[in-house]
>>> print(open('query20.cif').read())   # mmCIF, C-alpha atoms and all ligand atoms
data_model
#
loop_
_atom_site.group_PDB
_atom_site.id
_atom_site.type_symbol
_atom_site.label_atom_id
_atom_site.label_comp_id
_atom_site.auth_asym_id
_atom_site.auth_seq_id
_atom_site.Cartn_x
_atom_site.Cartn_y
_atom_site.Cartn_z
ATOM 1 C CA ARG H 1 -10.688 -17.657 4.598
ATOM 2 C CA GLN H 2 -8.137 -19.557 2.629
ATOM 3 C CA LEU H 3 -5.775 -16.586 2.613
ATOM 4 C CA ILE H 4 -5.477 -16.717 6.413
ATOM 5 C CA ALA H 5 -4.461 -20.382 6.298
ATOM 6 C CA ASP H 6 -1.990 -19.552 3.521
ATOM 7 C CA MET H 7 -0.521 -16.781 5.668
ATOM 8 C CA ARG H 8 0.001 -19.124 8.621
ATOM 9 C CA ASP H 9 1.688 -21.529 6.267
ATOM 10 C CA ALA H 10 3.847 -18.788 4.766
ATOM 11 C CA LEU H 11 5.024 -17.711 8.205
ATOM 12 C CA GLN H 12 6.083 -21.266 9.011
ATOM 13 C CA HIS H 13 7.821 -21.722 5.694
ATOM 14 C CA ASP H 14 9.643 -18.405 5.495
ATOM 15 C CA ALA H 15 7.699 -17.145 2.468
ATOM 16 C CA PHE H 16 7.714 -13.604 3.800
ATOM 17 C CA GLU H 17 10.541 -11.293 2.888
ATOM 18 C CA LEU H 18 11.660 -7.873 4.038
ATOM 19 C CA TYR H 19 12.134 -5.056 1.549
ATOM 20 C CA PHE H 20 13.843 -1.818 2.514
ATOM 21 C CA GLN H 21 12.976 1.640 1.212
ATOM 22 C CA PRO H 22 15.896 4.080 1.581
ATOM 23 C CA GLN H 23 15.316 7.473 3.208
ATOM 24 C CA ALA H 24 17.502 10.492 2.488
ATOM 25 C CA ARG H 25 18.261 13.951 3.753
ATOM 26 C CA LEU H 26 16.747 16.586 1.509
ATOM 27 C CA ASP H 27 19.737 18.932 1.669
ATOM 28 C CA ASN H 28 22.473 16.568 0.514
ATOM 29 C CA GLN H 29 20.665 13.399 -0.694
ATOM 30 C CA GLN H 30 22.602 11.316 1.804
ATOM 31 C CA MET H 31 20.908 8.113 2.872
ATOM 32 C CA VAL H 32 19.992 8.240 6.558
ATOM 33 C CA GLY H 33 17.691 5.283 6.998
ATOM 34 C CA ALA H 34 15.416 2.680 5.503
ATOM 35 C CA GLU H 35 11.825 1.621 6.152
ATOM 36 C CA VAL H 36 11.179 -2.098 6.330
ATOM 37 C CA LEU H 37 8.230 -3.159 4.159
ATOM 38 C CA LEU H 38 6.926 -6.688 4.333
ATOM 39 C CA ARG H 39 6.468 -8.683 1.127
ATOM 40 C CA TRP H 40 4.714 -11.993 0.641
ATOM 41 C CA ASN H 41 5.748 -14.032 -2.341
ATOM 42 C CA LYS H 42 2.768 -16.346 -2.757
ATOM 43 C CA ASP H 43 3.424 -18.939 -5.447
ATOM 44 C CA GLY H 44 5.525 -16.509 -7.464
ATOM 45 C CA GLU H 45 3.168 -13.569 -7.089
ATOM 46 C CA PHE H 46 3.429 -10.747 -4.594
ATOM 47 C CA VAL H 47 0.428 -10.196 -2.370
ATOM 48 C CA SER H 48 0.289 -6.587 -1.208
ATOM 49 C CA PRO H 49 0.652 -5.866 2.516
ATOM 50 C CA GLY H 50 -2.248 -3.448 2.015
ATOM 51 C CA GLU H 51 -4.271 -6.622 1.509
ATOM 52 C CA PHE H 52 -2.786 -9.111 3.963
ATOM 53 C CA ILE H 53 -1.869 -6.870 6.929
ATOM 54 C CA PRO H 54 -5.525 -5.960 7.682
ATOM 55 C CA LEU H 55 -6.377 -9.647 7.358
ATOM 56 C CA ALA H 56 -3.535 -10.622 9.717
ATOM 57 C CA GLU H 57 -4.813 -7.975 12.136
ATOM 58 C CA SER H 58 -8.335 -9.350 12.013
ATOM 59 C CA CYS H 59 -7.303 -12.907 12.927
ATOM 60 C CA GLY H 60 -4.485 -12.269 15.406
ATOM 61 C CA LEU H 61 -1.760 -13.525 13.107
ATOM 62 C CA ILE H 62 -0.299 -10.018 13.143
ATOM 63 C CA LEU H 63 1.270 -10.866 16.532
ATOM 64 C CA PRO H 64 3.552 -13.733 15.425
ATOM 65 C CA LEU H 65 4.004 -12.026 12.052
ATOM 66 C CA GLY H 66 4.922 -8.721 13.710
ATOM 67 C CA ASP H 67 7.399 -10.524 15.985
ATOM 68 C CA TRP H 68 8.940 -12.175 12.971
ATOM 69 C CA VAL H 69 9.295 -8.814 11.180
ATOM 70 C CA LEU H 70 10.839 -7.122 14.221
ATOM 71 C CA ASN H 71 13.390 -9.869 14.806
ATOM 72 C CA LYS H 72 14.204 -10.332 11.134
ATOM 73 C CA ALA H 73 14.573 -6.575 10.649
ATOM 74 C CA CYS H 74 17.111 -6.338 13.492
ATOM 75 C CA GLN H 75 19.047 -9.387 12.275
ATOM 76 C CA GLN H 76 19.162 -8.195 8.670
ATOM 77 C CA ALA H 77 20.034 -4.667 9.757
ATOM 78 C CA MET H 78 23.101 -5.975 11.604
ATOM 79 C CA GLN H 79 24.099 -7.982 8.560
ATOM 80 C CA LEU H 80 23.570 -4.929 6.330
ATOM 81 C CA PHE H 81 25.699 -2.697 8.552
ATOM 82 C CA ALA H 82 28.481 -5.268 8.330
ATOM 83 C CA ASP H 83 28.138 -5.807 4.577
ATOM 84 C CA ALA H 84 27.797 -2.091 3.783
ATOM 85 C CA GLY H 85 30.388 -0.890 6.279
ATOM 86 C CA ARG H 86 28.069 1.778 7.628
ATOM 87 C CA GLU H 87 25.091 2.168 9.931
ATOM 88 C CA PHE H 88 21.734 3.835 9.477
ATOM 89 C CA VAL H 89 18.326 3.852 11.127
ATOM 90 C CA VAL H 90 16.000 0.980 10.255
ATOM 91 C CA ALA H 91 12.280 1.736 10.667
ATOM 92 C CA VAL H 92 9.714 -0.985 11.334
ATOM 93 C CA ASN H 93 5.930 -0.556 11.038
ATOM 94 C CA ILE H 94 4.115 -1.547 14.219
ATOM 95 C CA SER H 95 0.457 -2.493 14.089
ATOM 96 C CA PRO H 96 -1.734 -0.905 16.795
ATOM 97 C CA ILE H 97 -2.568 -4.469 17.827
ATOM 98 C CA GLN H 98 1.091 -5.250 18.536
ATOM 99 C CA PHE H 99 1.467 -1.955 20.315
ATOM 100 C CA SER H 100 -1.443 -2.644 22.652
ATOM 101 C CA GLN H 101 -0.008 -5.963 23.925
ATOM 102 C CA ARG H 102 1.344 -5.979 27.472
ATOM 103 C CA ASP H 103 4.535 -7.731 26.412
ATOM 104 C CA PHE H 104 5.379 -5.416 23.513
ATOM 105 C CA LEU H 105 8.272 -3.769 25.375
ATOM 106 C CA ASP H 106 9.734 -7.219 26.128
ATOM 107 C CA LYS H 107 9.397 -8.167 22.479
ATOM 108 C CA VAL H 108 11.376 -5.103 21.420
ATOM 109 C CA ARG H 109 14.009 -5.670 24.090
ATOM 110 C CA HIS H 110 14.351 -9.278 22.981
ATOM 111 C CA ALA H 111 14.728 -8.362 19.297
ATOM 112 C CA LEU H 112 17.502 -5.909 20.185
ATOM 113 C CA GLN H 113 19.335 -8.252 22.536
ATOM 114 C CA SER H 114 19.240 -11.343 20.392
ATOM 115 C CA SER H 115 20.451 -9.480 17.298
ATOM 116 C CA GLY H 116 22.890 -7.078 18.927
ATOM 117 C CA MET H 117 21.131 -4.198 17.175
ATOM 118 C CA PRO H 118 21.844 -0.871 18.907
ATOM 119 C CA ALA H 119 18.539 0.581 20.151
ATOM 120 C CA HIS H 120 19.170 4.026 18.658
ATOM 121 C CA LEU H 121 19.261 2.496 15.165
ATOM 122 C CA LEU H 122 15.794 0.966 15.490
ATOM 123 C CA GLU H 123 12.817 3.184 14.730
ATOM 124 C CA LEU H 124 9.258 2.095 15.473
ATOM 125 C CA GLU H 125 6.541 3.602 13.283
ATOM 126 C CA ILE H 126 3.212 3.858 15.010
ATOM 127 C CA THR H 127 0.013 5.344 13.663
ATOM 128 C CA GLU H 128 -2.207 7.991 15.180
ATOM 129 C CA GLY H 129 -5.563 7.032 16.528
ATOM 130 C CA ALA H 130 -5.970 3.415 17.422
ATOM 131 C CA THR H 131 -2.872 3.326 19.610
ATOM 132 C CA MET H 132 -3.945 6.391 21.463
ATOM 133 C CA HIS H 133 -7.322 5.519 22.863
ATOM 134 C CA ASN H 134 -5.863 4.404 26.171
ATOM 135 C CA GLU H 135 -3.702 7.433 26.626
ATOM 136 C CA LEU H 136 -2.127 6.706 29.985
ATOM 137 C CA ASP H 137 -0.974 3.249 28.922
ATOM 138 C CA THR H 138 0.259 4.637 25.623
ATOM 139 C CA ILE H 139 2.282 7.357 27.301
ATOM 140 C CA SER H 140 3.938 4.994 29.768
ATOM 141 C CA LEU H 141 4.777 2.462 27.046
ATOM 142 C CA LEU H 142 6.213 5.198 24.834
ATOM 143 C CA HIS H 143 8.359 6.408 27.720
ATOM 144 C CA GLU H 144 9.615 2.887 28.373
ATOM 145 C CA LEU H 145 10.494 2.506 24.690
ATOM 146 C CA HIS H 146 12.141 5.925 24.748
ATOM 147 C CA ASP H 147 14.164 4.891 27.821
ATOM 148 C CA LEU H 148 15.198 1.739 25.982
ATOM 149 C CA GLY H 149 16.683 4.105 23.412
ATOM 150 C CA VAL H 150 14.632 3.317 20.316
ATOM 151 C CA MET H 151 13.384 6.018 17.927
ATOM 152 C CA LEU H 152 9.651 6.631 17.726
ATOM 153 C CA SER H 153 7.820 8.055 14.753
ATOM 154 C CA ILE H 154 4.218 8.781 13.823
ATOM 155 C CA ASP H 155 3.395 7.187 10.473
ATOM 156 C CA ASP H 156 0.840 8.621 8.033
ATOM 157 C CA PHE H 157 0.819 11.825 10.063
ATOM 158 C CA GLY H 158 -2.257 13.953 9.476
ATOM 159 C CA THR H 159 -4.570 11.155 8.394
ATOM 160 C CA GLY H 160 -5.712 10.044 11.864
ATOM 161 C CA TYR H 161 -8.340 11.739 13.934
ATOM 162 C CA SER H 162 -6.615 12.068 17.264
ATOM 163 C CA SER H 163 -6.188 15.450 18.865
ATOM 164 C CA LEU H 164 -2.811 17.063 18.331
ATOM 165 C CA SER H 165 -2.248 17.513 22.051
ATOM 166 C CA TYR H 166 -0.598 14.097 22.288
ATOM 167 C CA LEU H 167 2.345 15.474 20.335
ATOM 168 C CA SER H 168 3.501 17.475 23.330
ATOM 169 C CA ARG H 169 3.163 14.571 25.762
ATOM 170 C CA PHE H 170 4.604 11.684 23.774
ATOM 171 C CA PRO H 171 8.401 11.246 23.609
ATOM 172 C CA LEU H 172 8.535 11.209 19.800
ATOM 173 C CA HIS H 173 11.428 11.742 17.404
ATOM 174 C CA LYS H 174 9.870 11.982 13.991
ATOM 175 C CA LEU H 175 6.729 12.770 12.023
ATOM 176 C CA LYS H 176 6.156 11.075 8.701
ATOM 177 C CA ILE H 177 4.108 13.375 6.480
ATOM 178 C CA ASP H 178 1.616 11.149 4.716
ATOM 179 C CA GLN H 179 2.033 10.656 0.995
ATOM 180 C CA SER H 180 -1.518 11.848 0.301
ATOM 181 C CA PHE H 181 -0.391 15.359 1.283
ATOM 182 C CA VAL H 182 2.814 15.186 -0.730
ATOM 183 C CA ARG H 183 0.979 13.948 -3.819
ATOM 184 C CA HIS H 184 -1.024 17.185 -4.160
ATOM 185 C CA LEU H 185 1.627 19.527 -2.868
ATOM 186 C CA LEU H 186 2.423 21.148 -6.217
ATOM 187 C CA SER H 187 -1.099 21.277 -7.623
ATOM 188 C CA ASP H 188 -3.290 22.301 -4.714
ATOM 189 C CA PRO H 189 -2.574 25.358 -2.510
ATOM 190 C CA ASN H 190 -4.627 23.826 0.308
ATOM 191 C CA TYR H 191 -2.246 20.888 0.502
ATOM 192 C CA LEU H 192 0.685 23.276 0.398
ATOM 193 C CA SER H 193 -0.796 25.063 3.428
ATOM 194 C CA ILE H 194 -1.270 21.802 5.294
ATOM 195 C CA VAL H 195 2.263 20.590 4.617
ATOM 196 C CA HIS H 196 3.660 24.000 5.530
ATOM 197 C CA SER H 197 1.764 23.926 8.845
ATOM 198 C CA VAL H 198 2.796 20.362 9.649
ATOM 199 C CA ILE H 199 6.448 21.246 9.058
ATOM 200 C CA GLU H 200 6.200 24.321 11.289
ATOM 201 C CA LEU H 201 4.436 22.279 13.963
ATOM 202 C CA GLY H 202 7.090 19.579 13.863
ATOM 203 C CA LYS H 203 9.926 22.094 13.957
ATOM 204 C CA SER H 204 8.486 23.899 16.955
ATOM 205 C CA LEU H 205 8.199 20.577 18.792
ATOM 206 C CA ASN H 206 11.753 19.597 17.838
ATOM 207 C CA LEU H 207 10.660 16.642 15.734
ATOM 208 C CA THR H 208 12.410 15.485 12.587
ATOM 209 C CA LEU H 209 10.138 15.632 9.542
ATOM 210 C CA ILE H 210 10.178 13.130 6.753
ATOM 211 C CA ALA H 211 7.963 13.391 3.686
ATOM 212 C CA GLU H 212 6.636 10.150 2.240
ATOM 213 C CA GLY H 213 5.718 9.372 -1.341
ATOM 214 C CA VAL H 214 8.097 11.908 -2.882
ATOM 215 C CA GLU H 215 8.114 11.133 -6.605
ATOM 216 C CA GLU H 216 9.162 14.367 -8.326
ATOM 217 C CA PRO H 217 12.242 16.574 -7.995
ATOM 218 C CA LYS H 218 9.985 19.643 -7.683
ATOM 219 C CA GLN H 219 8.250 18.129 -4.679
ATOM 220 C CA ALA H 220 11.613 17.461 -3.025
ATOM 221 C CA GLU H 221 12.799 20.998 -3.765
ATOM 222 C CA LEU H 222 9.666 22.593 -2.307
ATOM 223 C CA LEU H 223 9.748 20.350 0.770
ATOM 224 C CA ARG H 224 13.370 21.305 1.382
ATOM 225 C CA GLU H 225 12.499 25.007 1.064
ATOM 226 C CA LEU H 226 9.660 24.547 3.532
ATOM 227 C CA GLY H 227 12.120 23.105 6.058
ATOM 228 C CA CYS H 228 11.411 19.403 5.804
ATOM 229 C CA ALA H 229 14.574 17.446 6.667
ATOM 230 C CA GLU H 230 14.146 14.077 4.992
ATOM 231 C CA MET H 231 12.360 12.281 2.198
ATOM 232 C CA GLN H 232 11.248 8.813 1.235
ATOM 233 C CA GLY H 233 9.697 7.901 -2.096
ATOM 234 C CA TYR H 234 10.203 6.610 -5.594
ATOM 235 C CA LEU H 235 12.268 9.694 -6.493
ATOM 236 C CA TYR H 236 15.046 8.481 -4.210
ATOM 237 C CA SER H 237 14.361 4.767 -4.371
ATOM 238 C CA ARG H 238 11.641 2.149 -4.490
ATOM 239 C CA PRO H 239 11.530 -0.440 -1.706
ATOM 240 C CA LEU H 240 14.397 -2.865 -2.419
ATOM 241 C CA PRO H 241 15.221 -6.443 -1.464
ATOM 242 C CA TYR H 242 18.345 -6.936 0.674
ATOM 243 C CA ASP H 243 20.882 -7.407 -2.149
ATOM 244 C CA GLN H 244 19.616 -4.450 -4.142
ATOM 245 C CA LEU H 245 19.649 -2.257 -1.051
ATOM 246 C CA LEU H 246 23.248 -3.247 -0.488
ATOM 247 C CA SER H 247 24.281 -2.237 -4.003
ATOM 248 C CA PHE H 248 22.211 0.952 -3.688
ATOM 249 C CA ILE H 249 24.214 1.870 -0.570
ATOM 250 C CA GLN H 250 27.498 1.022 -2.248
ATOM 251 C CA ARG H 251 26.616 3.268 -5.211
ATOM 252 C CA HIS H 252 25.666 6.203 -2.944
HETATM 253 O O1 LIG H 301 4.768 -1.634 1.007
HETATM 254 P P1 LIG H 301 3.402 -1.080 0.757
HETATM 255 O O2 LIG H 301 3.332 0.360 0.324
HETATM 256 O O3 LIG H 301 2.598 -1.893 -0.201
HETATM 257 O O4 LIG H 301 2.647 -1.206 2.170
HETATM 258 C C1 LIG H 301 1.281 -1.082 2.270
HETATM 259 C C2 LIG H 301 0.902 -0.900 3.715
HETATM 260 O O5 LIG H 301 1.332 -2.024 4.504
HETATM 261 C C3 LIG H 301 1.518 0.341 4.345
HETATM 262 O O6 LIG H 301 0.508 0.997 5.102
HETATM 263 C C4 LIG H 301 2.571 -0.213 5.259
HETATM 264 O O7 LIG H 301 2.742 0.617 6.396
HETATM 265 C C5 LIG H 301 2.014 -1.576 5.651
HETATM 266 N N1 LIG H 301 3.090 -2.476 6.010
HETATM 267 C C6 LIG H 301 4.120 -2.889 5.245
HETATM 268 N N2 LIG H 301 4.939 -3.712 5.941
HETATM 269 C C7 LIG H 301 4.410 -3.804 7.186
HETATM 270 C C8 LIG H 301 4.804 -4.499 8.385
HETATM 271 O O8 LIG H 301 5.826 -5.171 8.463
HETATM 272 N N3 LIG H 301 3.984 -4.376 9.458
HETATM 273 C C9 LIG H 301 2.847 -3.624 9.431
HETATM 274 N N4 LIG H 301 2.097 -3.570 10.553
HETATM 275 N N5 LIG H 301 2.463 -2.943 8.338
HETATM 276 C C10 LIG H 301 3.236 -3.026 7.229
HETATM 277 O O1 LIG H 302 1.703 3.377 5.429
HETATM 278 P P1 LIG H 302 3.152 3.449 5.090
HETATM 279 O O2 LIG H 302 3.647 4.839 5.015
HETATM 280 O O3 LIG H 302 4.012 2.589 5.967
HETATM 281 O O4 LIG H 302 3.273 2.860 3.619
HETATM 282 C C1 LIG H 302 4.366 2.999 2.845
HETATM 283 C C2 LIG H 302 3.901 2.556 1.465
HETATM 284 O O5 LIG H 302 4.075 3.577 0.497
HETATM 285 C C3 LIG H 302 4.633 1.335 0.966
HETATM 286 O O6 LIG H 302 3.695 0.422 0.508
HETATM 287 C C4 LIG H 302 5.461 1.855 -0.191
HETATM 288 O O7 LIG H 302 5.592 0.859 -1.201
HETATM 289 C C5 LIG H 302 4.631 3.029 -0.674
HETATM 290 N N1 LIG H 302 5.431 4.052 -1.322
HETATM 291 C C6 LIG H 302 6.692 4.385 -0.986
HETATM 292 N N2 LIG H 302 7.142 5.405 -1.760
HETATM 293 C C7 LIG H 302 6.138 5.716 -2.595
HETATM 294 C C8 LIG H 302 6.003 6.687 -3.645
HETATM 295 O O8 LIG H 302 6.883 7.492 -3.944
HETATM 296 N N3 LIG H 302 4.809 6.718 -4.279
HETATM 297 C C9 LIG H 302 3.794 5.864 -3.964
HETATM 298 N N4 LIG H 302 2.674 5.975 -4.672
HETATM 299 N N5 LIG H 302 3.895 4.938 -2.986
HETATM 300 C C10 LIG H 302 5.049 4.860 -2.311
HETATM 301 MN MN MN H 303 5.322 3.273 7.375
HETATM 302 NA NA NA H 304 2.848 6.542 5.723
#
>>> encode(input="query20.cif", output="structure tokens")
Amino acid sequence: RQLIADMRDALQHDAFELYFQPQARLDNQQMVGAEVLLRWNKDGEFVSPGEFIPLAESCGLILPLGDWVLNKACQQAMQLFADAGREFVVAVNISPIQFSQRDFLDKVRHALQSSGMPAHLLELEITEGATMHNELDTISLLHELHDLGVMLSIDDFGTGYSSLSYLSRFPLHKLKIDQSFVRHLLSDPNYLSIVHSVIELGKSLNLTLIAEGVEEPKQAELLRELGCAEMQGYLYSRPLPYDQLLSFIQRH
């Protein structure tokens, strides 16, 4: 496909850009982190990662692209901390294909070392399911990443089909409650029950909970009452390019 060739070209010519979506504590609205979201400006138009990430995964380009994102995220994070005069956690999405490579740990170590990024400020978002089919390898890799000091979160929590038993065996820090649950939180009691249960589960396992896709103040209020610690969504901020993130931080 032409789009694959265009992607290779874009990677060589720096046409990808990182956006950052701020994350906040629900009790005091303080910004605690930001998720890195990849953007591709293709001839003046943005192509959605929902479209090009699966394509990059299907042709292997996700590996050099994922490396680029990881390194760029650490470099820009260090620059942001300097420009903003404060530090926060920066979360990077990791494709299951990256995660299943033997040299993934080395890649992470390299990104930290070459940027000077402190490990505890880097969060890796992995998804349930695909990463977990080879459980023993997954567990040992997660422990090595944990020992390196990085934060580990489960993205889109609740949408995969893996058994929940991995939660007790993986050295995780955070669960990201998928936005599909948050979207129906106020209108559908079944979703309220699910979110309530996920929060209780996370709390009992000592995991930080962050709700994704929070768009309305009433959703934030209910999530806070239910015991969810953090939020991410349009209510707090859209994903922002570097300069806008910097002014967002300076305003908050
Ligand atoms: O930013 P947006 O909501 O359009 O992202 C759509 C999807 O693309 C989300 O599932 C998000 O996790 C994924 N995505 C965005 N940036 C990256 C990235 O750098 N790496 C990977 N693997 N996925 C990403
Ligand atoms: O799969 P992942 O959770 O990484 O995807 C995050 C995606 O969700 C990004 O593409 C981001 O643009 C999108 N997003 C972030 N906040 C909101 C929100 O409040 N509402 C909606 N509809 N999408 C959001
Ligand atoms: Mn994510
Ligand atoms: Na998600």
>>> resolve_selection(input="query20.cif", expression="the PyMOL selection byres (((chain H and resi 127) around 6) and not hetatm)", output="ChimeraX atom specification")
/H:126,128,154-155
>>> closest_residue(input="query20.cif", among="H:Ala111, H:Ala220, H:Leu240, H:Leu192", to="ligand LIG 301 (chain H)", atoms="all atoms listed in the file")
H:Leu240
>>> resolve_selection(input="query20.cif", expression="the PyMOL selection byres (((not hetatm)) within 9 of (chain H and resi 301))", output="PyMOL selection string")
chain H and resi 18-19+21+35-39+47-54+57+62+65-66+68-70+92-98+125-126+155-156+239
>>> residues_near_ligand(input="query20.cif", ligand="ligand LIG 302 (chain H)", cutoff="6 Å", atoms="all atoms listed in the file", output="PyMOL selection string")
chain H and resi 155-156+213-215+233-234
>>> resolve_selection(input="query20.cif", expression="the PyMOL selection byres (((chain H and resi 180-186) around 8) and not hetatm)", output="NGL selection string")
:H and (177-179 or 187-189 or 191-192 or 194-195 or 211-214 or 218-219)
>>> atom_distance(input="query20.cif", atom1="CA of Glu17 in chain H", atom2="CA of Pro241 in chain H")
8.0 Å
>>> atom_distance(input="query20.cif", atom1="CA of Ser197 in chain H", atom2="CA of Glu216 in chain H")
21.0 Å
>>> atom_distance(input="query20.cif", atom1="CA of His146 in chain H", atom2="atom NA of ligand NA 304 (chain H)")
21.2 Å
>>> closest_residue(input="query20.cif", among="H:Gly158, H:Gly202, H:Gly129, H:Gly60", to="ligand NA 304 (chain H)", atoms="all atoms listed in the file")
H:Gly158
>>> axis_aligned_box(input="query20.cif", around="range 211-229 of chain H", padding_each_side="6 Å", output="AutoDock Vina command-line options")
--center_x 10.1 --center_y 17.2 --center_z -0.8 --size_x 20.9 --size_y 27.6 --size_z 27.0
>>> residues_around(input="query20.cif", residues="Leu80 in chain H", least_positions_apart="6", cutoff="9 Å", atoms="all atoms listed in the file", output="short mmCIF file (atom, residue, chain, number, x, y, z; two decimals) with C-alpha atoms, in the coordinates of the input")
data_model
loop_
_atom_site.label_atom_id
_atom_site.label_comp_id
_atom_site.auth_asym_id
_atom_site.auth_seq_id
_atom_site.Cartn_x
_atom_site.Cartn_y
_atom_site.Cartn_z
CA ARG H 86 28.07 1.78 7.63
CA GLU H 87 25.09 2.17 9.93
CA TYR H 242 18.34 -6.94 0.67
CA LEU H 245 19.65 -2.26 -1.05
CA LEU H 246 23.25 -3.25 -0.49
#
>>> closest_residue(input="query20.cif", among="H:Leu136, H:Ala56, H:Leu26, H:Val108", to="Asn71 in chain H", atoms="all atoms listed in the file")
H:Val108
>>> residues_around(input="query20.cif", residues="Ala77 in chain H", least_positions_apart="5", cutoff="10 Å", atoms="only C-alpha atoms", output="number ranges by chain")
H: 20, 34, 36, 71-72, 82-83, 87-90, 115-117, 121-122, 242
>>> write_last_selection(input="query20.cif", atoms="C-alpha atoms", output="CSV table (one decimal), keeping the file's coordinate frame")
chain,number,residue,atom,x,y,z
H,20,PHE,CA,13.8,-1.8,2.5
H,34,ALA,CA,15.4,2.7,5.5
H,36,VAL,CA,11.2,-2.1,6.3
H,71,ASN,CA,13.4,-9.9,14.8
H,72,LYS,CA,14.2,-10.3,11.1
H,82,ALA,CA,28.5,-5.3,8.3
H,83,ASP,CA,28.1,-5.8,4.6
H,87,GLU,CA,25.1,2.2,9.9
H,88,PHE,CA,21.7,3.8,9.5
H,89,VAL,CA,18.3,3.9,11.1
H,90,VAL,CA,16.0,1.0,10.3
H,115,SER,CA,20.5,-9.5,17.3
H,116,GLY,CA,22.9,-7.1,18.9
H,117,MET,CA,21.1,-4.2,17.2
H,121,LEU,CA,19.3,2.5,15.2
H,122,LEU,CA,15.8,1.0,15.5
H,242,TYR,CA,18.3,-6.9,0.7
>>> closest_residue(input="query20.cif", among="H:Asn206, H:Gln113, H:Thr159, H:Gln250", to="Leu172 in chain H", atoms="only C-alpha atoms")
H:Asn206
>>> residues_around(input="query20.cif", residues="His196 in chain H", least_positions_apart="5", cutoff="10 Å", atoms="all atoms listed in the file", output="count of residues only")
10
>>> closest_residue(input="query20.cif", among="H:Leu142, H:Tyr236, H:Leu61, H:Val198", to="Gln12 in chain H", atoms="only C-alpha atoms")
H:Leu61
>>> closest_residue(input="query20.cif", among="H:Gly149, H:Gly160, H:Pro118, H:Gly44", to="ligand NA 304 (chain H)", atoms="only C-alpha atoms and all ligand atoms")
H:Gly160
>>> build_atoms(input="query20.cif", residues="range 237-252 of chain H", atoms="N, CA and C atoms", output="short mmCIF file (atom, residue, chain, number, x, y, z; two decimals), in the coordinates of the input")
data_model
loop_
_atom_site.label_atom_id
_atom_site.label_comp_id
_atom_site.auth_asym_id
_atom_site.auth_seq_id
_atom_site.Cartn_x
_atom_site.Cartn_y
_atom_site.Cartn_z
N SER H 237 14.28 6.21 -4.10
CA SER H 237 14.36 4.77 -4.37
C SER H 237 13.03 4.08 -4.07
N ARG H 238 12.75 3.05 -4.83
CA ARG H 238 11.64 2.15 -4.49
C ARG H 238 12.07 1.27 -3.31
N PRO H 239 11.13 0.58 -2.69
CA PRO H 239 11.53 -0.44 -1.71
C PRO H 239 12.35 -1.53 -2.41
N LEU H 240 13.45 -1.94 -1.78
CA LEU H 240 14.40 -2.86 -2.42
C LEU H 240 14.62 -4.11 -1.57
N PRO H 241 14.80 -5.27 -2.23
CA PRO H 241 15.22 -6.44 -1.46
C PRO H 241 16.66 -6.25 -0.97
N TYR H 242 17.05 -7.08 -0.01
CA TYR H 242 18.34 -6.94 0.67
C TYR H 242 19.52 -6.66 -0.28
N ASP H 243 19.70 -7.52 -1.27
CA ASP H 243 20.88 -7.41 -2.15
C ASP H 243 20.89 -6.10 -2.94
N GLN H 244 19.69 -5.71 -3.39
CA GLN H 244 19.62 -4.45 -4.14
C GLN H 244 19.83 -3.24 -3.25
N LEU H 245 19.39 -3.34 -1.99
CA LEU H 245 19.65 -2.26 -1.05
C LEU H 245 21.15 -2.12 -0.83
N LEU H 246 21.80 -3.26 -0.70
CA LEU H 246 23.25 -3.25 -0.49
C LEU H 246 23.97 -2.57 -1.66
N SER H 247 23.59 -2.90 -2.88
CA SER H 247 24.28 -2.24 -4.00
C SER H 247 23.87 -0.77 -4.11
N PHE H 248 22.63 -0.46 -3.73
CA PHE H 248 22.21 0.95 -3.69
C PHE H 248 23.12 1.75 -2.74
N ILE H 249 23.37 1.18 -1.56
CA ILE H 249 24.21 1.87 -0.57
C ILE H 249 25.63 2.01 -1.09
N GLN H 250 26.12 0.97 -1.75
CA GLN H 250 27.50 1.02 -2.25
C GLN H 250 27.65 2.03 -3.39
N ARG H 251 26.57 2.26 -4.13
CA ARG H 251 26.62 3.27 -5.21
C ARG H 251 26.51 4.69 -4.67
N HIS H 252 25.93 4.84 -3.46
CA HIS H 252 25.67 6.20 -2.94
C HIS H 252 26.69 6.66 -1.92
#
